Amino acid sequence: MISTEGRGLVLDEKLLFEQSQPGRIGYSLSALDVPATAPQQSLMREEIAGFPELSEVDVIRHYTRLSTWNYGVDSGFYPLGSCTMKYNPKVNEAAAHLPGFAEIHPQTPEALNQGALELMYNLQRDLGEVSGFPAVTLQPAAGAQGEFTGMLMIRAWHEANGQKRRKVIIPDTAHGTNPASAALCGYEVITVASDGVLSKDDIAALMDDDVAALMVTNPNTLGLFEADIRAICDLVHERGGLVYADGANLNALMGISRPGDIGIDVMHFNLHKTFSTPHGGGGPGAGPVGVVEKLEPFLPKPVVIKEGDSYKFDYERPDSIGRVQSFYGHFGILVRAYSYILSMGGEGLKRATELAVLNANYIRARLEGEYDLPYKQRSLHEVVFSEKALANDCHTLDVAKRLIDYGYHPPTIYFPLVVPGALMVEPTETESKQVIDEFCDALLTIAEEAKNNPELLKQAPVRAKVRRLDEATAARKPKLRWEPDQS
Amino acid sequence: MDFPDELKYTEDHEWILMEEEVATIGITDFAQEQLGDVVFVELPEVGDILEAGKSFGVVESVKAVSDVYAPVSGEVVEINEELPDEPEVLNNSPYEDGWMIKLKLSEAIALEGFMDATAYQEFVEKD
């Protein structure tokens, strides 16, 4: 048993509006030394009532204090399933801050930014090598945009073949972005129920000449490897369809198995998951997309190509779906991902995958029994429990809130939807055995608390800055701005 | 948990009340309990033609977003206009004030294809 003593956070901070003092200012400007002029009355605005008046140090302290409320992978274990919250090595930051990368302007002539182009070319090549795809675009800004880009290419390919297919098959374990991306491309989504993993027979039954693609995640969101994936790809291909893979879970395959070798036609990468770049906050994401050879002509343009010893943007791509992002994607993120690949090396990437899978299975082994495991098959880089075994009508939400008292960011909850009260844990390779043991101890303690003192769960969090929030009212009647009369 | 006898039920946890050729449709007590606090409801428009088995609306709770499927085909003749503004009604009164849409059936259907209250109760308790 471990205790909540010495954990949790207690800090408080008023809003800037509430800290305002009449007449206080940040800067004293020099007296005007040019003639004053009266602007047009129509350009003048009204005085803003209640606009905060503060000094520089007030503002700096305010935001610095707020920053201490942040919980990130730099402050602790962050086992958010499906999100691959691995550590973001600081060497990536050092690389991204090199002046040649950080200060480059996107309109710099190609002859003057050869280093940046070489990096993009090499990253296209390396992502291709990891995944088994001969061509890669770096443009999409995040995973969901990668899906959208991939589905646009699938549609363009069918249209180039004179086909207007209308349907996309998606398993019930998929990330919600999959059906959204397919629908954005004009497809009707056909949901296929899975019993943990997809069945060949179910796909065969649904597959017809109107299906443009199957979208799969492998391993799926239950952490289970789609063992029949090759046969399923064959089935789809036989009827003229393509297979899209959501690369969100590539951290379970990297260096071991290549989606391009298995029969997948298109896949996006989440650089902010598998390749250790920051998730939001620290910068934007990136969702490059790899494709098989027959889809290469449809890649967004430009792509980076090598001619002799120099690199250039190739715009001569008549079948391209066009741009999906301004300029060339989130370049700073590409630098970080490339830095990660180079610092890890091929063997290092493989080792990361092995440890990510080992860590998840260690957690599974320690918690199974106390927490219900709805799917007993061997799982890979993440493990999903249900709320079934919790005592005294305690629910997954209560466990998640209680984990905050023990100083952990809660795992993903209530996803995937096929598991009642899902609790989805993905430790990644980052964590040591000590960290994972402490986390498991906390979860086992919480399961005991549910039996002996369920109020501890129902009341949680008690050691966080705020107690349990009324999420329903917040969503039903959101207050989107502060107003003085509410204070 | 309630399972009113006068209703028919689907495996997608919707209920149907047949009156002449108009079907009133909503989600079951079990469905609202599984979803948790409902925070957003999206309904079709009056005049929309719905096809059985296709999604006609969305129910979002603090836990999840779910499509709601039309159990039968028909034209939407009335929607519960209160619901989008008062989504909590789905939790408080799933069978009465929380009805979602009324459909004029495009063809006579056999309601034998749906579960009665006893069968539906067994269906949800089996899970």
# chains A, B, ... in the order shown; residues from 1 in each chain; ligands from 1

$ residues_around --residues "Ala141 (chain A)" --least-positions-apart "4" --cutoff "6 Å" --atoms "only C-alpha atoms" --output "short mmCIF file (atom, residue, chain, number, x, y, z; two decimals) with N, CA and C atoms, in the first residue's frame"
data_model
loop_
_atom_site.label_atom_id
_atom_site.label_comp_id
_atom_site.auth_asym_id
_atom_site.auth_seq_id
_atom_site.Cartn_x
_atom_site.Cartn_y
_atom_site.Cartn_z
N GLY A 285 1.74 19.11 -34.14
CA GLY A 285 2.05 17.73 -34.47
C GLY A 285 2.50 17.61 -35.91
N ALA A 286 2.67 16.38 -36.36
CA ALA A 286 2.95 16.13 -37.77
C ALA A 286 2.45 14.74 -38.10
N GLY A 287 1.80 14.62 -39.25
CA GLY A 287 1.22 13.33 -39.64
C GLY A 287 1.60 12.93 -41.05
#

$ interface_residues --of "chain A" --to "chain B" --cutoff "7 Å" --atoms "only C-alpha atoms" --output "short mmCIF file (atom, residue, chain, number, x, y, z; two decimals) with C-alpha atoms, in the first residue's frame"
data_model
loop_
_atom_site.label_atom_id
_atom_site.label_comp_id
_atom_site.auth_asym_id
_atom_site.auth_seq_id
_atom_site.Cartn_x
_atom_site.Cartn_y
_atom_site.Cartn_z
CA TYR A 414 -14.11 5.21 -21.87
CA GLU A 471 -18.36 17.92 -16.35
CA ALA A 472 -22.00 17.60 -17.41
CA ALA A 475 -20.59 20.86 -21.26
CA ARG A 476 -24.30 21.70 -21.15
#

$ residues_around --residues "Ser3 (chain A)" --least-positions-apart "5" --cutoff "9 Å" --atoms "only C-alpha atoms" --output "number ranges by chain"
A: 406, 442, 445

$ write_last_selection --atoms "N, CA and C atoms" --output "CSV table (one decimal), in the first residue's frame"
chain,number,residue,atom,x,y,z
A,406,TYR,N,-2.9,10.3,-6.4
A,406,TYR,CA,-1.6,9.6,-6.3
A,406,TYR,C,-0.5,10.2,-7.1
A,442,ALA,N,-0.2,2.0,-7.0
A,442,ALA,CA,-1.3,3.0,-6.8
A,442,ALA,C,-2.6,2.4,-7.3
A,445,THR,N,-3.8,-0.3,-5.0
A,445,THR,CA,-4.3,0.4,-3.7
A,445,THR,C,-5.7,0.9,-4.0

$ select_by_dssp --residues "region 208-333 of chain A" --states "helix (DSSP H, G or I)" --output "list in words"
Ile229, Arg230, Ala231, Ile232, Cys233, Asp234, Leu235, Val236, His237, Glu238, Gly247, Ala248, Asn249, Leu250, Asn251, Ala252, Pro259, Gly260, Asp261, Ile262, Glu293, Lys294, Leu295, Glu296, Pro297, Phe298, Phe331, Gly332 and Ile333 of chain A

$ atom_distance --atom1 "CA of Met151 (chain A)" --atom2 "CA of Thr84 (chain A)"
23.5 Å

$ residues_around --residues "Ala70 (chain B)" --least-positions-apart "3" --cutoff "12 Å" --atoms "only C-alpha atoms" --output "ChimeraX atom specification"
/B:9-16,23-27,43-44,48-58,67,73-76,100-103,105

$ residues_around --residues "Asp234 (chain A)" --least-positions-apart "3" --cutoff "12 Å" --atoms "only C-alpha atoms" --output "list of chain:residue names"
A:Lys200, A:Ile203, A:Ala204, A:Met207, A:Leu214, A:Asp228, A:Ile229, A:Arg230, A:Ala231, A:His237, A:Glu238, A:Arg239, A:Gly240, A:Gly241, A:Leu242, A:Val243, A:Ile262, A:Gly263, A:Ile264, A:Asp265

$ residues_around --residues "Gln107 (chain A)" --least-positions-apart "6" --cutoff "12 Å" --atoms "only C-alpha atoms" --output "list in words"
Asn113, Phe313, Ser326, Phe327 and Tyr328 of chain A

$ closest_residue --among "A:Ser30, A:Ser257, A:Thr137, A:Ser82" --to "Leu334 (chain A)" --atoms "only C-alpha atoms"
A:Thr137

$ atom_distance --atom1 "CA of Ser55 (chain A)" --atom2 "CA of Arg24 (chain A)"
6.2 Å

$ residues_around --residues "Leu184 (chain A)" --least-positions-apart "2" --cutoff "12 Å" --atoms "only C-alpha atoms" --output "list in words"
Ala144, Gln145, Glu147, Phe148, Thr149, Gly150, Met151, Leu152, Arg155, Val168, Thr177, Asn178, Pro179, Ala180, Ser181, Ala182, Gly186, Tyr187, Glu188 and Val189 of chain A

$ closest_residue --among "B:Glu42, B:Glu122, B:Glu6, B:Glu81" --to "Val68 (chain B)" --atoms "only C-alpha atoms"
B:Glu42
